[in-house]
Amino acid sequence: MPNLNNKTILVTGSGSGIGRAAAICCAKSGAHILALDLDTDGLTSCVEEIQSAGGTASAHAIDVQDADAVESLFSDLANSHPHLDSVIHAAGILEGALVPIDNFEEFTWDRVIDINLKGSFLISKHTVPLLEKADNGVLILVASGAGVKGGSSSVAYGSSKGGVHGLSLVLAAQLADRGIRVHGICPGALATPLKLRQVQKSADKSGQCVDELTARLGDPEGVGKILAFLVSDDADYFRGSLFTR
């Protein structure tokens, strides 16, 4: 496990999936975790698991698409934390699976783009000043293989994640001279709540056995361990995008 002692790491989407796995893995490596999510039950569960294992974490409920709420939260965090060593932005949704584009609702499109892409913009915008105050700050945006090197079950999801990856490329160049290392992470098919709901929908529509489909999915903890390494000083020579299973 990497050494993250004395590091403060903010993780969005900590209530479930990759975000939760990343928060727990970073905490096990010694980091203090600022856990963010709109799912207060999942958020509380994540923080309690970290604390029961001897780690330190605090919960912060936030809707990442709400510009005012994000700005307010980070204003409060700036008063209590002189800097952030790393930010792992994993919050996101998958909606509109298996809907053809000519039947795709604008409401669903806007909601997915706002949470996944606009949320990534807002989190990046407000974390950069705190990351810049750290030595070798790290910003990780969780995109997806969908929209980057392949398609997606959802028109909006694939488009949003392609945008998140594009944002990571822009920020990697823009923030390098400010001492911030940026990565776009593109996971494959993992057994997260988002993916499991999509797989169930696909199985219902196709008549396939859902157990056979879920057996192919990876464990989010595997990606959580990778993210814990990437925010460590040992990963200082990594650059750019990273694809995982």
# chains A, B, ... in the order shown; residues from 1 in each chain; ligands from 1
$ select_by_dssp --residues "stretch 3-240 of chain A" --states "strand (DSSP E or B)" --output "ChimeraX atom specification"
/A:8-12,32-37,56-61,86-89,137-142,146,150,180-186,190,218
$ write_last_selection --atoms "N, CA and C atoms" --output "CSV table (one decimal), in the first residue's frame"
chain,number,residue,atom,x,y,z
A,8,THR,N,-4.2,15.0,3.1
A,8,THR,CA,-5.6,15.2,3.1
A,8,THR,C,-6.2,15.1,1.7
A,9,ILE,N,-7.1,14.1,1.5
A,9,ILE,CA,-7.6,13.8,0.2
A,9,ILE,C,-9.1,13.9,0.2
A,10,LEU,N,-9.6,14.6,-0.8
A,10,LEU,CA,-11.0,14.8,-1.0
A,10,LEU,C,-11.5,13.8,-2.0
A,11,VAL,N,-12.5,13.1,-1.7
A,11,VAL,CA,-13.1,12.1,-2.7
A,11,VAL,C,-14.6,12.4,-2.9
A,12,THR,N,-15.0,12.7,-4.1
A,12,THR,CA,-16.4,12.8,-4.4
A,12,THR,C,-17.0,11.5,-4.8
A,32,HIS,N,-6.2,11.4,5.6
A,32,HIS,CA,-7.4,11.9,6.1
A,32,HIS,C,-8.3,12.2,5.0
A,33,ILE,N,-9.6,11.7,5.0
A,33,ILE,CA,-10.5,11.7,3.9
A,33,ILE,C,-11.6,12.7,4.1
A,34,LEU,N,-11.8,13.6,3.2
A,34,LEU,CA,-12.9,14.5,3.1
A,34,LEU,C,-13.9,13.8,2.1
A,35,ALA,N,-14.9,13.2,2.6
A,35,ALA,CA,-15.8,12.3,1.8
A,35,ALA,C,-17.0,13.2,1.4
A,36,LEU,N,-17.3,13.2,0.1
A,36,LEU,CA,-18.4,14.0,-0.5
A,36,LEU,C,-19.3,13.2,-1.3
A,37,ASP,N,-20.6,13.4,-1.1
A,37,ASP,CA,-21.6,12.7,-1.9
A,37,ASP,C,-23.0,13.3,-1.6
A,56,THR,N,-9.3,8.3,9.6
A,56,THR,CA,-10.0,9.5,9.9
A,56,THR,C,-10.7,10.0,8.6
A,57,ALA,N,-11.9,10.5,8.8
A,57,ALA,CA,-12.7,10.9,7.7
A,57,ALA,C,-13.8,11.8,8.2
A,58,SER,N,-14.3,12.7,7.3
A,58,SER,CA,-15.4,13.6,7.6
A,58,SER,C,-16.4,13.5,6.4
A,59,ALA,N,-17.7,13.7,6.7
A,59,ALA,CA,-18.7,13.6,5.6
A,59,ALA,C,-19.2,14.9,5.3
A,60,HIS,N,-19.4,15.2,4.0
A,60,HIS,CA,-19.9,16.5,3.5
A,60,HIS,C,-20.9,16.2,2.4
A,61,ALA,N,-22.2,16.5,2.6
A,61,ALA,CA,-23.2,16.2,1.6
A,61,ALA,C,-23.2,17.4,0.6
A,86,SER,N,-4.7,16.0,-2.5
A,86,SER,CA,-5.3,15.4,-3.7
A,86,SER,C,-6.8,15.5,-3.7
A,87,VAL,N,-7.3,15.4,-4.9
A,87,VAL,CA,-8.8,15.3,-5.1
A,87,VAL,C,-9.1,14.2,-6.1
A,88,ILE,N,-9.9,13.3,-5.7
A,88,ILE,CA,-10.4,12.2,-6.6
A,88,ILE,C,-11.9,12.5,-6.8
A,89,HIS,N,-12.2,12.9,-8.1
A,89,HIS,CA,-13.6,13.2,-8.4
A,89,HIS,C,-14.2,12.0,-9.1
A,137,GLY,N,0.3,18.7,-5.7
A,137,GLY,CA,-1.1,18.3,-5.6
A,137,GLY,C,-1.5,17.5,-6.8
A,138,VAL,N,-2.5,16.6,-6.6
A,138,VAL,CA,-2.9,15.7,-7.6
A,138,VAL,C,-4.5,15.8,-7.8
A,139,LEU,N,-4.9,16.0,-9.0
A,139,LEU,CA,-6.3,16.0,-9.4
A,139,LEU,C,-6.6,14.8,-10.3
A,140,ILE,N,-7.6,14.0,-9.8
A,140,ILE,CA,-8.0,12.8,-10.6
A,140,ILE,C,-9.4,13.0,-11.0
A,141,LEU,N,-9.7,12.9,-12.3
A,141,LEU,CA,-11.1,12.9,-12.8
A,141,LEU,C,-11.4,11.6,-13.3
A,142,VAL,N,-12.4,10.9,-12.7
A,142,VAL,CA,-12.8,9.6,-13.2
A,142,VAL,C,-13.8,9.7,-14.4
A,146,ALA,N,-16.1,4.3,-21.8
A,146,ALA,CA,-17.2,4.8,-22.6
A,146,ALA,C,-17.0,6.2,-23.0
A,150,GLY,N,-14.6,3.7,-26.6
A,150,GLY,CA,-15.7,2.8,-27.0
A,150,GLY,C,-17.0,3.5,-26.7
A,180,ILE,N,0.4,21.0,-10.1
A,180,ILE,CA,-0.7,20.1,-10.0
A,180,ILE,C,-0.6,19.0,-11.1
A,181,ARG,N,-0.6,17.8,-10.7
A,181,ARG,CA,-0.6,16.6,-11.6
A,181,ARG,C,-2.0,16.2,-11.8
A,182,VAL,N,-2.4,16.1,-13.1
A,182,VAL,CA,-3.8,15.7,-13.4
A,182,VAL,C,-3.9,14.4,-14.2
A,183,HIS,N,-4.8,13.6,-13.8
A,183,HIS,CA,-5.0,12.3,-14.5
A,183,HIS,C,-6.5,12.2,-14.9
A,184,GLY,N,-6.8,11.7,-16.1
A,184,GLY,CA,-8.1,11.2,-16.4
A,184,GLY,C,-8.1,9.7,-16.3
A,185,ILE,N,-9.0,9.1,-15.5
A,185,ILE,CA,-9.0,7.7,-15.3
A,185,ILE,C,-10.2,7.1,-16.0
A,186,CYS,N,-9.9,6.1,-16.8
A,186,CYS,CA,-11.0,5.5,-17.6
A,186,CYS,C,-11.2,4.0,-17.2
A,190,LEU,N,-17.1,-2.4,-14.1
A,190,LEU,CA,-17.0,-2.7,-12.7
A,190,LEU,C,-18.3,-2.9,-12.0
A,218,GLY,N,-15.5,-6.3,-12.9
A,218,GLY,CA,-14.4,-6.2,-12.0
A,218,GLY,C,-14.9,-5.6,-10.6
$ atom_distance --atom1 "atom CA of A:Asn5" --atom2 "atom CA of A:Gly55"
10.6 Å
$ closest_residue --among "A:Val64, A:Arg239, A:Cys25, A:Ser232" --to "A:Leu117" --atoms "only C-alpha atoms"
A:Val64
$ closest_residue --among "A:Gly240, A:Ile226, A:Ala90, A:Gly151" --to "A:Ala172" --atoms "only C-alpha atoms"
A:Gly240
$ closest_residue --among "A:Leu84, A:Ala69, A:Val223, A:Ile101" --to "A:Val128" --atoms "only C-alpha atoms"
A:Leu84
$ residues_around --residues "A:Pro129" --least-positions-apart "3" --cutoff "10 Å" --atoms "only C-alpha atoms" --output "MDAnalysis selection string"
chainID A and resid 74 78 83:84 124:126 132:134 178
$ write_last_selection --atoms "C-alpha atoms" --output "PDB file, in the first residue's frame"
ATOM      1  CA  PHE A  74     -15.092  24.832  -0.623  1.00  0.00           C
ATOM      2  CA  ALA A  78     -10.578  26.529   2.883  1.00  0.00           C
ATOM      3  CA  HIS A  83      -4.531  22.885   1.488  1.00  0.00           C
ATOM      4  CA  LEU A  84      -5.629  19.676  -0.216  1.00  0.00           C
ATOM      5  CA  SER A 124     -11.952  21.215 -10.527  1.00  0.00           C
ATOM      6  CA  LYS A 125     -12.546  24.963 -10.461  1.00  0.00           C
ATOM      7  CA  HIS A 126     -12.875  25.114  -6.696  1.00  0.00           C
ATOM      8  CA  GLU A 132      -1.903  24.640  -5.553  1.00  0.00           C
ATOM      9  CA  LYS A 133      -1.040  25.280  -1.912  1.00  0.00           C
ATOM     10  CA  ALA A 134       0.135  21.695  -1.467  1.00  0.00           C
ATOM     11  CA  ARG A 178       1.134  25.326 -10.989  1.00  0.00           C
TER      12      ARG A 178
END
$ atom_distance --atom1 "atom CA of A:Ala27" --atom2 "atom CA of A:Asn116"
24.8 Å
$ closest_residue --among "A:Ser154, A:Ile24, A:Asp234, A:Ser72" --to "A:Glu49" --atoms "only C-alpha atoms"
A:Ile24
$ closest_residue --among "A:Pro187, A:Gly162, A:Gly96, A:Pro82" --to "A:Leu217" --atoms "only C-alpha atoms"
A:Pro187
$ closest_residue --among "A:Gln208, A:Phe121, A:Ser152, A:Ser16" --to "A:Gly166" --atoms "only C-alpha atoms"
A:Phe121
$ select_by_dssp --residues "stretch 23-225 of chain A" --states "alpha helix (DSSP H)" --output "ChimeraX atom specification"
/A:23-28,40-52,67-80,106-113,119-132,155-175,193-206,210-214,220-225
$ residues_around --residues "A:Ile93" --least-positions-apart "2" --cutoff "8 Å" --atoms "only C-alpha atoms" --output "NGL selection string"
:A and (91 or 95 or 112 or 115-116 or 157 or 194)
$ atom_distance --atom1 "atom CA of A:Gln200" --atom2 "atom CA of A:Ile62"
28.0 Å
